[in-house]
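query.txt follows; it contains compact mmCIF, C-alpha atoms.
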```
# COMPACT_ATOMS: atom_id res chain seq x y z
CA MET A 282 61.16 -209.29 181.02
CA LEU A 283 62.08 -205.64 180.54
CA GLY A 284 58.95 -204.58 178.64
CA ILE A 285 60.54 -202.99 175.56
CA THR A 286 57.77 -201.72 173.27
CA HIS A 287 59.37 -200.57 170.02
CA LEU A 288 62.43 -199.29 168.19
CA ARG A 289 62.76 -195.49 168.51
CA HIS A 290 65.91 -194.27 166.79
CA ILE A 291 69.50 -194.95 165.90
CA SER A 292 72.38 -192.54 166.45
CA LEU A 293 75.50 -192.71 164.31
CA ILE A 294 78.96 -191.17 164.45
CA THR A 295 80.21 -189.76 161.18
CA PRO A 296 83.39 -188.03 159.97
CA ASN A 297 81.48 -185.95 157.39
CA LEU A 298 78.49 -184.61 159.31
CA GLU A 299 77.49 -181.85 156.90
CA GLU A 300 77.49 -184.01 153.75
CA GLN A 301 75.68 -186.90 155.42
CA ALA A 302 73.06 -184.60 156.99
CA ALA A 303 72.36 -183.04 153.60
CA PHE A 304 71.84 -186.51 152.11
CA TYR A 305 69.19 -187.52 154.63
CA GLU A 306 67.36 -184.19 154.45
CA LYS A 307 67.49 -183.43 150.72
CA ILE A 308 67.55 -186.91 149.17
CA TRP A 309 66.40 -189.59 151.61
CA GLY A 310 63.25 -187.73 152.73
CA LEU A 311 63.75 -187.05 156.45
CA ASP A 312 63.12 -183.67 158.11
CA LYS A 313 65.85 -182.00 160.16
CA THR A 314 64.36 -181.04 163.53
CA ALA A 315 67.37 -179.82 165.50
CA GLN A 316 71.06 -179.14 165.06
CA ASN A 317 74.04 -178.06 167.12
CA GLU A 318 77.74 -177.88 166.46
CA ASN A 319 78.26 -181.63 166.80
CA ALA A 320 74.92 -183.30 166.02
CA VAL A 321 71.89 -183.24 163.72
CA TYR A 322 68.49 -184.84 164.46
CA PHE A 323 65.96 -186.09 161.91
CA ARG A 324 62.32 -187.13 162.16
CA GLY A 325 60.19 -189.21 159.83
CA ALA A 326 56.53 -188.78 158.90
CA GLY A 327 55.46 -190.57 162.10
CA PRO A 328 55.15 -188.98 165.56
CA GLU A 329 58.46 -190.26 166.98
CA ASN A 330 60.62 -187.31 168.04
CA HIS A 331 63.56 -188.40 165.91
CA ILE A 332 64.47 -191.63 164.15
CA LEU A 333 68.05 -190.74 163.27
CA SER A 334 70.73 -188.57 164.81
CA LEU A 335 74.20 -187.97 163.38
CA HIS A 336 77.13 -187.06 165.63
CA SER A 337 80.49 -185.72 164.51
CA GLY A 338 83.45 -188.04 165.05
CA GLU A 339 86.65 -189.30 163.48
CA GLU A 340 85.21 -192.44 161.90
CA SER A 341 81.85 -194.01 161.02
CA ARG A 342 80.45 -196.11 163.87
CA LEU A 343 77.45 -196.64 166.12
CA HIS A 344 76.63 -194.05 168.79
CA HIS A 345 73.57 -195.77 170.30
CA ILE A 346 70.28 -197.55 169.55
CA ALA A 347 67.12 -196.44 171.40
CA PHE A 348 64.08 -198.54 172.29
CA GLY A 349 60.84 -197.36 173.85
CA MET A 350 59.25 -198.32 177.16
CA VAL A 351 55.81 -197.60 178.61
CA ASP A 352 56.72 -195.22 181.43
CA LYS A 353 59.28 -194.13 184.02
CA HIS A 354 58.51 -197.09 186.25
CA ALA A 355 59.36 -199.52 183.43
CA VAL A 356 62.71 -197.78 182.94
CA ASP A 357 63.49 -197.93 186.67
CA ARG A 358 62.51 -201.59 186.80
CA ALA A 359 64.70 -202.30 183.76
CA ALA A 360 67.66 -200.74 185.55
CA GLU A 361 67.11 -203.06 188.53
CA ILE A 362 66.91 -206.14 186.31
CA LEU A 363 69.96 -205.19 184.25
CA THR A 364 72.01 -204.44 187.36
CA SER A 365 71.00 -207.75 188.94
CA LYS A 366 72.27 -209.54 185.83
CA GLY A 367 75.60 -207.71 185.84
CA VAL A 368 74.89 -205.60 182.75
CA PRO A 369 77.04 -202.41 182.75
CA ILE A 370 74.89 -199.30 183.15
CA ILE A 371 76.39 -196.39 181.19
CA GLN A 372 73.83 -193.80 182.25
CA GLU A 373 71.63 -194.32 185.29
CA PRO A 374 67.85 -193.76 184.99
CA GLY A 375 67.01 -190.07 184.78
CA TYR A 376 65.71 -187.30 182.58
CA LEU A 377 67.58 -187.37 179.28
CA ASP A 378 69.64 -184.50 177.96
CA GLU A 379 69.03 -185.13 174.27
CA GLU A 380 66.58 -183.97 171.63
CA GLY A 381 63.08 -185.10 172.65
CA LYS A 382 64.07 -185.33 176.31
CA GLY A 383 62.16 -188.10 178.07
CA TYR A 384 63.22 -190.38 180.91
CA GLY A 385 65.63 -193.20 180.28
CA LEU A 386 68.86 -195.09 180.82
CA ARG A 387 71.73 -196.41 178.75
CA PHE A 388 73.63 -199.67 179.11
CA ALA A 389 76.27 -201.64 177.24
CA ASP A 390 75.36 -204.95 175.65
CA PRO A 391 77.95 -207.80 175.63
CA GLU A 392 79.61 -206.38 172.48
CA ASN A 393 79.77 -202.83 173.92
CA ARG A 394 76.89 -201.38 171.92
CA CYS A 395 75.25 -198.51 173.75
CA ILE A 396 71.52 -199.22 174.13
CA GLU A 397 69.05 -196.63 175.36
CA LEU A 398 65.67 -197.42 176.96
CA SER A 399 63.34 -194.45 177.23
CA ALA A 400 59.81 -193.28 178.00
CA TRP A 401 57.92 -189.99 178.04
CA VAL A 402 59.81 -188.71 175.00
CA GLU A 403 58.22 -185.67 173.31
CA MET A 404 56.24 -186.68 170.22
CA HIS A 405 55.48 -184.62 167.11
CA THR A 406 51.93 -183.31 166.73
CA SER A 407 52.57 -180.98 163.78
CA ILE A 408 51.41 -181.99 160.30
CA TRP A 409 54.10 -183.61 158.16
CA LYS A 410 54.82 -181.77 154.92
CA GLN A 411 54.36 -184.53 152.36
CA LYS A 412 57.03 -185.37 149.79
CA ASN A 413 57.04 -188.00 147.06
CA VAL A 414 58.74 -190.34 149.56
CA ASP A 415 57.88 -190.13 153.26
CA PRO A 416 59.89 -192.44 155.53
CA VAL A 417 57.52 -193.02 158.44
CA LYS A 418 59.78 -194.55 161.06
CA LEU A 419 62.75 -196.75 161.71
CA ASN A 420 61.57 -200.23 160.74
CA HIS A 421 64.57 -202.25 161.93
CA VAL A 422 68.32 -202.21 162.43
CA VAL A 423 70.72 -205.05 161.70
CA MET A 424 73.98 -205.36 163.61
CA ASN A 425 76.99 -207.52 162.84
CA THR A 426 78.22 -209.73 165.66
CA ALA A 427 81.25 -211.83 166.48
CA ASP A 428 79.07 -214.40 168.30
CA LEU A 429 75.55 -214.94 166.98
CA ASP A 430 74.45 -217.40 169.67
CA MET A 431 75.75 -215.30 172.55
CA ILE A 432 74.19 -212.02 171.41
CA THR A 433 70.88 -213.67 170.50
CA ASP A 434 70.73 -215.26 173.94
CA PHE A 435 71.39 -211.90 175.63
CA TYR A 436 68.69 -210.06 173.71
CA THR A 437 66.14 -212.81 174.34
CA SER A 438 66.89 -213.98 177.89
CA VAL A 439 67.90 -210.59 179.36
CA LEU A 440 66.06 -207.99 177.26
CA GLY A 441 62.96 -210.04 176.43
CA PHE A 442 63.10 -210.10 172.63
CA LYS A 443 61.74 -213.15 170.83
CA VAL A 444 63.36 -215.00 167.95
CA THR A 445 61.05 -214.77 164.95
CA ASP A 446 63.23 -216.49 162.36
CA TRP A 447 66.75 -217.63 161.52
CA SER A 448 68.61 -217.37 158.24
CA GLU A 449 70.38 -220.71 158.64
CA HIS A 450 72.97 -220.04 161.38
CA GLN A 451 74.00 -216.72 159.84
CA MET A 452 71.26 -214.35 161.07
CA SER A 453 68.72 -214.12 163.87
CA PHE A 454 65.62 -211.92 163.54
CA LEU A 455 64.34 -210.60 166.87
CA ARG A 456 61.06 -208.88 167.71
CA CYS A 457 59.83 -206.80 170.66
CA ASN A 458 56.28 -206.42 169.35
CA ARG A 459 54.18 -207.98 166.57
CA LYS A 460 56.46 -206.79 163.78
CA HIS A 461 58.70 -209.55 162.38
CA HIS A 462 61.89 -207.91 163.66
CA SER A 463 63.05 -204.64 165.18
CA ILE A 464 66.65 -205.78 165.43
CA ALA A 465 68.55 -208.59 163.76
CA PHE A 466 72.08 -209.91 164.08
CA ASN A 467 74.40 -211.15 161.35
CA GLN A 468 77.44 -213.34 162.04
CA GLU A 469 80.40 -211.38 160.71
CA GLY A 470 83.41 -211.92 163.00
CA HIS A 471 83.16 -208.46 164.59
CA ALA A 472 80.59 -206.00 165.92
CA SER A 473 79.50 -203.19 163.59
CA VAL A 474 76.44 -201.68 161.93
CA ASN A 475 75.16 -203.88 159.09
CA HIS A 476 72.26 -201.75 157.82
CA ILE A 477 69.41 -199.48 158.89
CA ALA A 478 65.90 -199.83 157.45
CA TYR A 479 63.45 -196.94 157.04
CA GLU A 480 59.79 -197.80 156.56
CA VAL A 481 57.65 -196.28 153.82
CA ASP A 482 53.97 -197.04 153.24
CA THR A 483 53.95 -198.60 149.77
CA VAL A 484 56.04 -200.25 147.09
CA ASP A 485 55.40 -197.16 144.96
CA GLU A 486 57.31 -195.11 147.53
CA VAL A 487 60.18 -197.59 147.49
CA MET A 488 60.42 -197.18 143.73
CA ARG A 489 60.16 -193.38 143.88
CA GLY A 490 62.86 -193.44 146.55
CA ILE A 491 65.11 -195.38 144.18
CA ALA A 492 64.49 -192.73 141.51
CA ASN A 493 65.31 -189.89 143.95
CA VAL A 494 68.58 -191.46 145.03
CA ARG A 495 69.58 -192.27 141.45
CA LYS A 496 68.92 -188.67 140.35
CA ALA A 497 71.27 -187.52 143.11
CA GLY A 498 74.06 -189.64 141.63
CA PHE A 499 73.90 -192.64 143.99
CA LYS A 500 73.38 -196.20 142.78
CA GLU A 501 71.42 -198.84 144.63
CA LEU A 502 73.61 -201.37 146.42
CA TRP A 503 71.11 -204.27 146.38
CA GLY A 504 67.54 -204.44 145.16
CA PRO A 505 64.75 -203.84 144.62
CA GLY A 506 63.48 -207.22 145.73
CA ARG A 507 61.38 -209.03 148.32
CA HIS A 508 62.97 -210.95 151.19
CA GLY A 509 61.95 -214.40 152.40
CA PRO A 510 62.41 -213.77 156.15
CA GLY A 511 60.05 -210.88 156.96
CA ASP A 512 58.44 -210.93 153.48
CA ASN A 513 59.34 -207.24 153.12
CA ILE A 514 60.16 -205.30 149.99
CA PHE A 515 63.67 -203.85 150.05
CA CYS A 516 66.24 -201.71 148.31
CA TYR A 517 69.63 -200.90 149.86
CA PHE A 518 71.93 -197.91 149.39
CA LYS A 519 75.17 -196.59 150.89
CA ASP A 520 75.18 -193.09 152.38
CA PRO A 521 78.11 -190.60 152.23
CA ALA A 522 79.61 -192.02 155.44
CA SER A 523 79.40 -195.58 154.04
CA PHE A 524 76.54 -196.71 156.29
CA VAL A 525 74.12 -199.00 154.46
CA MET A 526 70.45 -198.03 154.63
CA GLU A 527 67.27 -199.51 153.21
CA TYR A 528 63.85 -198.40 152.05
CA THR A 529 61.38 -201.09 153.09
CA CYS A 530 57.64 -201.76 153.34
CA TYR A 531 55.15 -204.54 154.08
CA LEU A 532 57.19 -206.25 156.82
CA GLU A 533 55.44 -209.34 158.11
CA THR A 534 53.30 -209.07 161.25
CA ILE A 535 52.98 -211.88 163.79
CA GLU A 536 49.23 -212.46 164.04
CA ASP A 537 49.23 -215.14 166.76
CA GLU A 538 52.08 -215.06 169.30
CA GLN A 539 51.00 -218.37 170.85
CA GLU A 540 51.14 -220.25 167.57
CA TRP A 541 54.30 -218.73 166.11
CA ARG A 542 57.38 -220.93 165.84
CA ALA A 543 60.70 -219.62 164.59
CA ARG A 544 61.55 -220.85 161.13
CA VAL A 545 65.00 -221.57 159.68
CA TRP A 546 65.34 -220.14 156.18
CA LYS A 547 67.83 -221.54 153.69
CA ARG A 548 70.30 -218.99 152.34
CA VAL A 549 69.47 -219.48 148.70
CA PRO A 550 68.90 -216.80 146.02
CA HIS A 551 65.12 -217.32 145.65
CA LEU A 552 64.61 -216.78 149.40
CA MET A 553 66.96 -213.82 149.70
CA ASP A 554 64.84 -212.24 146.95
CA GLN A 555 61.51 -213.94 146.26
CA TRP A 556 61.00 -211.92 143.07
CA GLY A 557 64.25 -213.13 141.52
CA ILE A 558 65.19 -209.61 140.41
CA ALA A 559 67.93 -208.65 142.86
CA GLY A 560 69.31 -212.10 143.55
CA PRO A 561 71.79 -212.51 146.43
CA PRO A 562 73.83 -209.47 147.55
CA SER A 563 76.94 -208.72 145.54
CA LYS A 564 80.47 -208.84 146.93
CA GLU A 565 80.36 -205.04 147.18
CA ALA A 566 77.07 -205.13 149.10
CA ARG A 567 78.35 -207.76 151.53
CA SER A 568 81.55 -205.80 152.12
CA SER A 569 79.62 -202.59 152.76
CA MET A 570 77.23 -204.29 155.17
CA GLY A 571 80.15 -205.91 156.97
CA GLY A 572 81.51 -202.53 158.03
CA LYS A 573 84.64 -201.99 160.07
CA PRO A 574 85.07 -203.47 163.58
CA ASP A 575 83.43 -201.20 166.16
CA PRO A 576 84.90 -201.45 169.69
CA GLY A 577 81.82 -199.81 171.15
CA TRP A 578 80.79 -197.21 173.68
CA ALA A 579 84.00 -197.16 175.75
CA ASN A 580 85.76 -195.13 173.08
CA VAL A 581 82.93 -192.62 172.60
CA LYS A 582 82.04 -191.90 176.23
CA SER A 583 82.61 -188.18 175.72
CA LEU A 584 79.70 -188.16 173.25
CA ILE A 585 77.24 -189.99 175.49
```
Would you mind giving the structure from this file in structure tokens?
Amino acid sequence: MLGITHLRHISLITPNLEEQAAFYEKIWGLDKTAQNENAVYFRGAGPENHILSLHSGEESRLHHIAFGMVDKHAVDRAAEILTSKGVPIIQEPGYLDEEGKGYGLRFADPENRCIELSAWVEMHTSIWKQKNVDPVKLNHVVMNTADLDMITDFYTSVLGFKVTDWSEHQMSFLRCNRKHHSIAFNQEGHASVNHIAYEVDTVDEVMRGIANVRKAGFKELWGPGRHGPGDNIFCYFKDPASFVMEYTCYLETIEDEQEWRARVWKRVPHLMDQWGIAGPPSKEARSSMGGKPDPGWANVKSLI
């Protein structure tokens, strides 16, 4: 197994960098930590160097997803394992030329998503200036897939993730630590970003976040509610580049790895939202989460 420890950050390509960056800094609650002509980096209240970066491009799509590893040796070992399994290495192990630096590599998964594995990334030690909503970290990302079984098998058998739960045969929830899921996949017919979840500490913060976004003229896409799989509280929104993002808290923790068995959840309204407030996602929400087909890293090599 590769030894992936946690989800670090997600990087997105956007056609309206300035507007989207302003949204995350002034409304969503993140702090801008660095900026250049083509990219903006944001941290949360936690120590992770950045949890989101936005990169200028012609259309909205994924740039890369980053996961943490223990140290340089784990990264080097991961490169050997990936190479032995025929996984395309985009960037060989080395010191990274991105905000936060660190040592890492990048590879392409079977649907051409660029995945980064990194260690020794600079962490924040400065005190966070508290707001009324303080996203702590990236809780999970959900990706759409053209082949749920294939991509689930790759992330479990090659990368070492474990299946925590299924939503019938529509979604797989995968974990790399004790949290219910760090990444999940949704059967859609094509690869794209489904949604990105930012963790806050309490349900009060989720509700204050809803108020902040409403005051800025945006309407919630789905929620608030409480999911069955993961047992987490949720509320979804769409940002200025049409990416779907979520405030979430109280995600389930796996207490006993030896005893855990993946469950299969029925896709019924009272399990999509245990509270019965939000109900199932609307046609608009499903369409937004479906996104547009993303051909992957091959067409954004100049940005990597």
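Separating atom CA of Arg459 of chain A from atom CA of Ile535 of chain A is a distance of 4.9 Å.
Going from atom CA of Lys410 of chain A over to atom CA of Asn513 of chain A, you cover 25.9 Å.
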- Message: Using all atoms listed in the file for the distances, tell me which of A:Val474, A:Val351, A:Leu386, A:Leu311 is nearest to Phe323 of chain A.
- Response: A:Leu311
- segment 288-290 of chain A surroundings by only C-alpha atoms, 8 Å radius, close-in-sequence under 4 positions cut, as a list in words: Glu329, His331, Ile332, Leu333, Ser334, Ile346, Ala347, Phe348, Gly349, Leu419, Asn420, His421 and Ser463 of chain A
- Query: Skipping near chain neighbours, those fewer than 4 positions away, what residues fall within 7 Å of Asp352 of chain A using only C-alpha atoms, listed as a VMD selection string?
  - Reply: chain A and resid 356 400 to 401
Would you output that residue set with C-alpha atoms, as a tab-separated table (two decimals), keeping the file's coordinate frame?
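What ended up in result.tsv:
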```tsv
chain	number	residue	atom	x	y	z
A	356	VAL	CA	62.71	-197.78	182.94
A	400	ALA	CA	59.81	-193.28	178.00
A	401	TRP	CA	57.92	-189.99	178.04
```
- Task: Tell me which of A:Arg495, A:Arg548, A:His287, A:Lys573 sits closest to Val422 of chain A, counting only C-alpha atoms.
- Result: A:His287
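Each of A:Val414, A:Val487, A:Ile370, A:Ala559 was checked against Tyr305 of chain A using only C-alpha atoms; the smallest atom-to-atom distance is that of A:Val414.
Reported to one decimal place, the separation of atom CA of Trp409 of chain A from atom CA of Ser292 of chain A is 22.0 Å.
Among the candidates A:Ala497, A:Glu527, A:Ala326, A:Gly284, the one nearest to Ile408 of chain A when counting all atoms listed in the file is A:Ala326.
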